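Have a look at entry_19.txt; it's compact mmCIF, C-alpha atoms:
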```
# COMPACT_ATOMS: atom_id res chain seq x y z
CA MET A 49 17.45 31.11 -6.10
CA ALA A 50 16.73 27.77 -4.45
CA LEU A 51 15.82 29.53 -1.19
CA ALA A 52 13.48 31.90 -3.01
CA GLY A 53 11.77 28.96 -4.71
CA PHE A 54 11.37 27.22 -1.37
CA VAL A 55 9.80 30.32 0.19
CA VAL A 56 7.38 30.75 -2.72
CA ALA A 57 6.41 27.07 -2.58
CA ALA A 58 5.89 27.24 1.20
CA ALA A 59 3.72 30.33 0.82
CA ALA A 60 1.64 28.64 -1.90
CA VAL A 61 1.10 25.57 0.28
CA GLY A 62 0.14 27.79 3.21
CA MET A 63 -2.45 29.61 1.12
CA LEU A 64 -3.79 26.31 -0.20
CA ALA A 65 -4.11 25.00 3.35
CA THR A 66 -6.64 27.72 4.15
CA VAL A 67 -8.80 26.57 1.23
CA LYS A 68 -8.20 22.81 0.96
CA SER A 69 -6.13 21.39 3.80
CA THR A 70 -6.17 17.88 2.31
CA PHE A 71 -4.45 19.04 -0.86
CA ALA A 72 -1.89 21.05 1.10
CA PHE A 73 -1.06 18.05 3.28
CA ALA A 74 -0.83 15.81 0.22
CA ILE A 75 1.56 18.23 -1.50
CA VAL A 76 3.84 18.37 1.54
CA VAL A 77 3.87 14.57 1.92
CA GLY A 78 4.39 14.13 -1.82
CA ALA A 79 7.31 16.57 -1.79
CA VAL A 80 8.94 14.77 1.13
CA VAL A 81 8.51 11.38 -0.56
CA ALA A 82 9.88 12.75 -3.85
CA LEU A 83 12.96 14.16 -2.09
CA VAL A 84 13.59 10.92 -0.22
CA VAL A 85 13.19 8.81 -3.38
CA ALA A 86 15.39 11.22 -5.36
CA ARG A 87 18.09 10.82 -2.71
CA ASP A 88 17.75 7.03 -2.52
CA VAL A 89 15.51 5.34 -5.07
CA THR A 90 15.54 2.10 -3.06
CA ALA A 91 13.31 3.83 -0.49
CA LEU A 92 10.40 3.75 -2.94
CA PRO A 93 9.28 0.17 -2.10
CA LEU A 94 8.88 1.17 1.55
CA PHE A 95 6.54 3.96 0.54
CA LEU A 96 4.61 1.67 -1.79
CA VAL A 97 4.15 -0.91 0.98
CA PHE A 98 2.71 1.70 3.32
CA THR A 99 0.22 2.97 0.72
CA MET A 100 -1.39 -0.48 0.67
CA PHE A 101 -2.96 0.34 4.04
CA VAL A 102 -4.39 3.75 3.06
CA GLU A 103 -5.92 3.18 -0.36
CA SER A 104 -9.26 4.69 0.64
CA LEU A 105 -7.67 8.11 1.10
CA SER A 106 -8.48 10.32 -1.87
CA LEU A 107 -7.33 13.73 -3.04
CA GLY A 108 -10.30 14.08 -5.37
CA PRO A 109 -12.46 12.09 -7.80
CA ALA A 110 -10.53 9.05 -9.11
CA LEU A 111 -7.34 10.34 -7.40
CA ARG A 112 -6.76 7.79 -4.68
CA VAL A 113 -3.45 7.36 -2.88
CA GLY A 114 -2.85 3.94 -4.43
CA ARG A 115 -3.14 5.32 -7.96
CA VAL A 116 -0.80 8.21 -7.24
CA ALA A 117 1.72 5.80 -5.71
CA GLY A 118 1.32 3.44 -8.67
CA ALA A 119 1.99 6.26 -11.13
CA LEU A 120 5.12 7.22 -9.19
CA GLY A 121 6.27 3.61 -9.12
CA LEU A 122 5.70 3.22 -12.86
CA LEU A 123 7.61 6.42 -13.68
CA VAL A 124 10.54 5.37 -11.51
CA ALA A 125 10.56 1.88 -13.05
CA ILE A 126 10.53 3.28 -16.60
CA TYR A 127 13.35 5.70 -15.78
CA TYR A 128 15.31 2.90 -14.11
CA LEU A 129 14.92 0.64 -17.15
CA LEU A 130 15.90 3.41 -19.57
CA ASP A 131 18.94 4.26 -17.47
CA ARG A 132 20.14 0.71 -16.76
CA GLY A 133 18.65 -1.41 -19.51
CA ARG A 134 16.79 -4.51 -18.38
CA ALA A 135 18.46 -4.24 -14.96
CA GLY A 136 18.58 -8.00 -14.56
CA LEU A 137 15.00 -8.69 -15.64
CA ARG A 138 14.55 -11.70 -17.89
CA ALA A 139 11.62 -12.87 -19.95
CA ASN A 140 9.93 -15.96 -18.57
CA ALA A 141 6.64 -17.81 -18.78
CA LEU A 142 5.15 -15.86 -15.86
CA LEU A 143 5.86 -12.49 -17.48
CA LEU A 144 4.41 -13.71 -20.77
CA ALA A 145 1.26 -14.94 -19.00
CA ILE A 146 0.85 -11.62 -17.18
CA GLY A 147 1.35 -9.68 -20.42
CA GLY A 148 -1.09 -11.95 -22.25
CA TRP A 149 -3.72 -11.40 -19.58
CA GLY A 150 -3.31 -7.64 -19.92
CA VAL A 151 -3.77 -7.79 -23.70
CA TRP A 152 -6.84 -9.99 -23.29
CA ALA A 153 -8.33 -7.57 -20.75
CA LEU A 154 -7.71 -4.67 -23.15
CA LEU A 155 -9.35 -6.50 -26.05
CA SER A 156 -12.37 -7.34 -23.89
CA VAL A 157 -13.62 -3.80 -24.43
CA TYR A 158 -15.00 -5.08 -27.77
CA TRP A 159 -17.37 -7.59 -26.15
CA ALA A 160 -17.82 -6.43 -22.55
CA ASP A 161 -21.31 -5.27 -21.53
CA TYR A 162 -19.88 -2.48 -19.39
CA ASP A 163 -16.91 -0.47 -20.66
CA GLY A 164 -16.45 1.03 -17.20
CA ALA A 165 -15.72 -2.40 -15.75
CA VAL A 166 -12.99 -2.91 -18.35
CA LEU A 167 -11.43 0.43 -17.43
CA THR A 168 -11.53 -0.43 -13.72
CA THR A 169 -9.93 -3.81 -14.37
CA LEU A 170 -7.20 -2.32 -16.54
CA SER A 171 -6.41 0.40 -14.00
CA SER A 172 -5.99 -2.27 -11.31
CA TYR A 173 -3.82 -4.29 -13.69
CA VAL A 174 -1.54 -1.34 -14.46
CA LEU A 175 -1.35 -0.51 -10.76
CA GLY A 176 -0.26 -4.07 -10.00
CA ILE A 177 2.34 -3.96 -12.78
CA ALA A 178 3.73 -0.69 -11.43
CA TYR A 179 4.15 -2.08 -7.93
CA THR A 180 5.61 -5.35 -9.24
CA LEU A 181 8.18 -3.63 -11.44
CA ALA A 182 9.24 -1.28 -8.66
CA PHE A 183 9.88 -4.19 -6.30
CA ALA A 184 11.56 -6.34 -8.96
CA LEU A 185 13.95 -3.56 -9.92
CA LEU A 186 14.70 -1.93 -6.58
CA VAL A 187 14.65 -4.69 -3.96
CA ARG A 188 17.96 -6.49 -4.32
CA ARG A 189 19.40 -6.80 -0.79
CA LYS A 190 18.37 -8.79 2.28
CA GLN A 191 18.47 -5.67 4.43
CA GLN A 192 15.80 -4.11 2.22
CA LEU A 193 13.53 -7.07 2.90
CA LYS A 194 13.92 -6.53 6.62
CA TRP A 195 12.87 -2.90 6.27
CA ILE A 196 9.90 -3.90 4.11
CA TYR A 197 8.85 -6.44 6.75
CA LEU A 198 9.14 -3.74 9.39
CA VAL A 199 6.93 -1.34 7.41
CA LEU A 200 4.35 -4.11 7.00
CA ALA A 201 4.41 -4.76 10.75
CA VAL A 202 4.09 -1.08 11.66
CA GLY A 203 1.36 -0.49 9.08
CA SER A 204 -0.65 -3.47 10.25
CA LEU A 205 -0.30 -2.29 13.86
CA ILE A 206 -1.40 1.30 13.17
CA PHE A 207 -4.34 0.47 10.94
CA GLY A 208 -5.26 -2.54 13.01
CA ALA A 209 -5.78 -0.08 15.88
CA VAL A 210 -7.82 2.12 13.54
CA SER A 211 -9.97 -0.87 12.64
CA PHE A 212 -10.67 -1.52 16.35
CA ALA A 213 -11.96 2.04 16.75
CA GLN A 214 -14.17 1.61 13.69
CA TYR A 215 -15.43 -1.71 14.93
CA ALA A 216 -16.33 -0.60 18.46
CA GLY A 217 -17.90 2.67 17.35
CA SER A 218 -19.87 1.45 14.34
CA SER A 219 -23.46 2.65 14.17
CA GLY A 220 -26.01 -0.14 14.35
CA GLY A 221 -23.37 -2.76 14.94
CA THR A 222 -23.36 -3.94 11.31
CA THR A 223 -20.05 -2.44 10.21
CA ARG A 224 -17.06 -4.60 9.31
CA SER A 225 -13.82 -2.73 9.92
CA ALA A 226 -11.65 -1.76 6.97
CA GLY A 227 -8.96 0.48 8.47
CA LEU A 228 -8.22 3.13 5.85
CA GLN A 229 -8.07 0.60 3.05
CA GLY A 230 -11.68 1.16 2.00
CA ASP A 231 -12.75 -2.47 1.66
CA PRO A 232 -12.98 -4.99 4.54
CA ASN A 233 -11.93 -7.89 2.33
CA TYR A 234 -8.82 -6.17 0.98
CA PHE A 235 -8.01 -4.90 4.46
CA ALA A 236 -8.10 -8.47 5.77
CA VAL A 237 -5.90 -9.66 2.88
CA TYR A 238 -3.23 -7.04 3.59
CA GLN A 239 -3.31 -7.76 7.31
CA VAL A 240 -2.81 -11.48 6.61
CA ILE A 241 0.03 -10.63 4.21
CA ALA A 242 1.71 -8.71 7.04
CA LEU A 243 1.33 -11.65 9.43
CA ALA A 244 4.15 -13.85 8.05
CA PRO A 245 6.76 -11.04 7.82
CA THR A 246 5.95 -9.97 11.38
CA LEU A 247 6.45 -13.53 12.60
CA VAL A 248 9.76 -13.66 10.70
CA LEU A 249 10.92 -10.46 12.41
CA ALA A 250 9.90 -11.88 15.79
CA ALA A 251 11.82 -15.10 15.11
CA MET A 252 14.92 -13.12 14.08
CA GLU A 253 14.79 -10.69 17.00
CA ARG A 254 17.17 -11.60 19.83
CA ARG A 255 16.01 -8.92 22.30
CA ALA A 256 13.16 -10.23 24.41
CA GLN A 257 11.27 -6.92 24.72
CA ARG A 258 11.21 -6.28 20.98
CA ARG A 259 10.29 -9.88 20.29
CA LEU A 260 7.37 -9.58 22.72
CA LEU A 261 6.29 -6.36 21.02
CA LEU A 262 6.28 -8.07 17.63
CA TYR A 263 4.17 -10.91 19.00
CA GLY A 264 1.81 -8.22 20.26
CA VAL A 265 1.58 -6.92 16.68
CA VAL A 266 0.69 -10.47 15.59
CA GLY A 267 -2.17 -10.40 18.08
CA VAL A 268 -3.40 -7.07 16.69
CA ILE A 269 -3.29 -8.48 13.15
CA VAL A 270 -5.32 -11.55 14.09
CA LEU A 271 -7.98 -9.54 15.93
CA SER A 272 -8.19 -6.94 13.16
CA VAL A 273 -8.85 -9.70 10.62
CA VAL A 274 -11.68 -10.95 12.83
CA SER A 275 -13.09 -7.42 13.01
CA SER A 276 -13.11 -7.25 9.21
CA LEU A 277 -15.12 -10.46 8.89
CA LEU A 278 -17.81 -10.25 11.58
CA PRO A 279 -20.29 -7.41 12.25
CA SER A 280 -19.60 -5.65 15.54
CA ARG A 281 -23.08 -6.40 16.92
CA LEU A 282 -21.84 -9.94 17.64
CA PHE A 283 -19.42 -8.56 20.23
CA PHE A 284 -20.82 -5.14 21.21
CA ALA A 285 -24.51 -5.54 22.05
CA ARG A 286 -26.47 -2.30 22.10
CA ALA A 287 -28.55 -1.41 25.14
CA GLY A 288 -32.28 -2.03 24.77
CA ARG A 289 -31.93 -4.97 22.41
```
Please express the file's structure as structure tokens.
Amino acid sequence: MALAGFVVAAAAVGMLATVKSTFAFAIVVGAVVALVVARDVTALPLFLVFTMFVESLSLGPALRVGRVAGALGLLVAIYYLLDRGRAGLRANALLLAIGGWGVWALLSVYWADYDGAVLTTLSSYVLGIAYTLAFALLVRRKQQLKWIYLVLAVGSLIFGAVSFAQYAGSSGGTTRSAGLQGDPNYFAVYQVIALAPTLVLAAMERRAQRRLLLYGVVGVIVLSVVSSLLPSRLFFARAGR
């Protein structure tokens, strides 16, 4: 029965690929992630970290990767809390302040000039809560932190390289690189966030070759941040100008 279901699912994905390859790819990746998380729920934070770099990818209107990942994180967090109670979480002033801000943002719909802005703000708030809860509940060991740092380093390296291609090939020389994040400012923020963990990994690494590689990643991060701040015409002059 399981084999028959797998064959049917594979055939459905294959047919979908001929019509909408993006959806087919997303379904396959989503299935793999779901299986990995079902096997080991502590793998979820690694997936969430990586989605930070690809938020501009979209499966359709208002269906961006970050929102899908946030929904998955929220569902896992709710299940985890229902299964294990508070799981070590304790009420504190920070949680109360965060909750109060959310209530205030929700109530602002009564006086805001643009209801759409309220909805956008609340969706970002819920997304942040989902990521925060997933990390607070699932990251409990030092080894997990090392893996998270490694994902940050790899992600910043890959999408730093993507940003270089965007920067050098931008039309008119006015483009600021954004990787696949969608916004140059957020891209720069995430690259800077990855900087400290990458330096920590380099400091902890005893093998010279790997340490040198990590310092190379640091260089990519620094240059990618520069590419997100300055228009490419400052470095790549066009002929005839």
Box dimensions and centre (Å, one decimal) enclosing stretch 138-156 of chain A, axis-aligned, 5 Å extra per side, as lines of an AutoDock Vina configuration file:
```
center_x = 1.1
center_y = -11.2
center_z = -21.0
size_x = 36.9
size_y = 23.1
size_z = 20.2
```
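Counting all atoms listed in the file and comparing A:Gly121, A:Gly148, A:Gly114, A:Pro245, the residue that lies closest to A:Phe101 is A:Gly114.
You will find atom CA of A:Phe235 at 24.7 Å from atom CA of A:Arg259.
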Taking only residues of stretch 147-250 of chain A that have an atom at most 12 Å from an atom of stretch 133-140 of chain A, what is each one's shortest atom pair and its distance in Å to one decimal, using only C-alpha atoms, in chain and number order, as CSV?
```
residue,atom,partner,partner_atom,distance
A:Gly147,CA,A:Ala139,CA,10.8
A:Thr180,CA,A:Leu137,CA,11.8
A:Leu181,CA,A:Leu137,CA,9.5
A:Ala182,CA,A:Ala135,CA,11.6
A:Phe183,CA,A:Leu137,CA,11.6
A:Ala184,CA,A:Leu137,CA,7.9
A:Leu185,CA,A:Ala135,CA,6.8
A:Leu186,CA,A:Ala135,CA,9.5
A:Val187,CA,A:Ala135,CA,11.6
A:Arg188,CA,A:Gly136,CA,10.4
```
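Counting all atoms listed in the file, A:Val248 has the following residues at most 10 Å away, ignoring those fewer than 3 positions along the same chain: Lys194, Tyr197, Leu243, Ala244, Pro245, Ala251, Met252, Glu253 and Leu262 of chain A.
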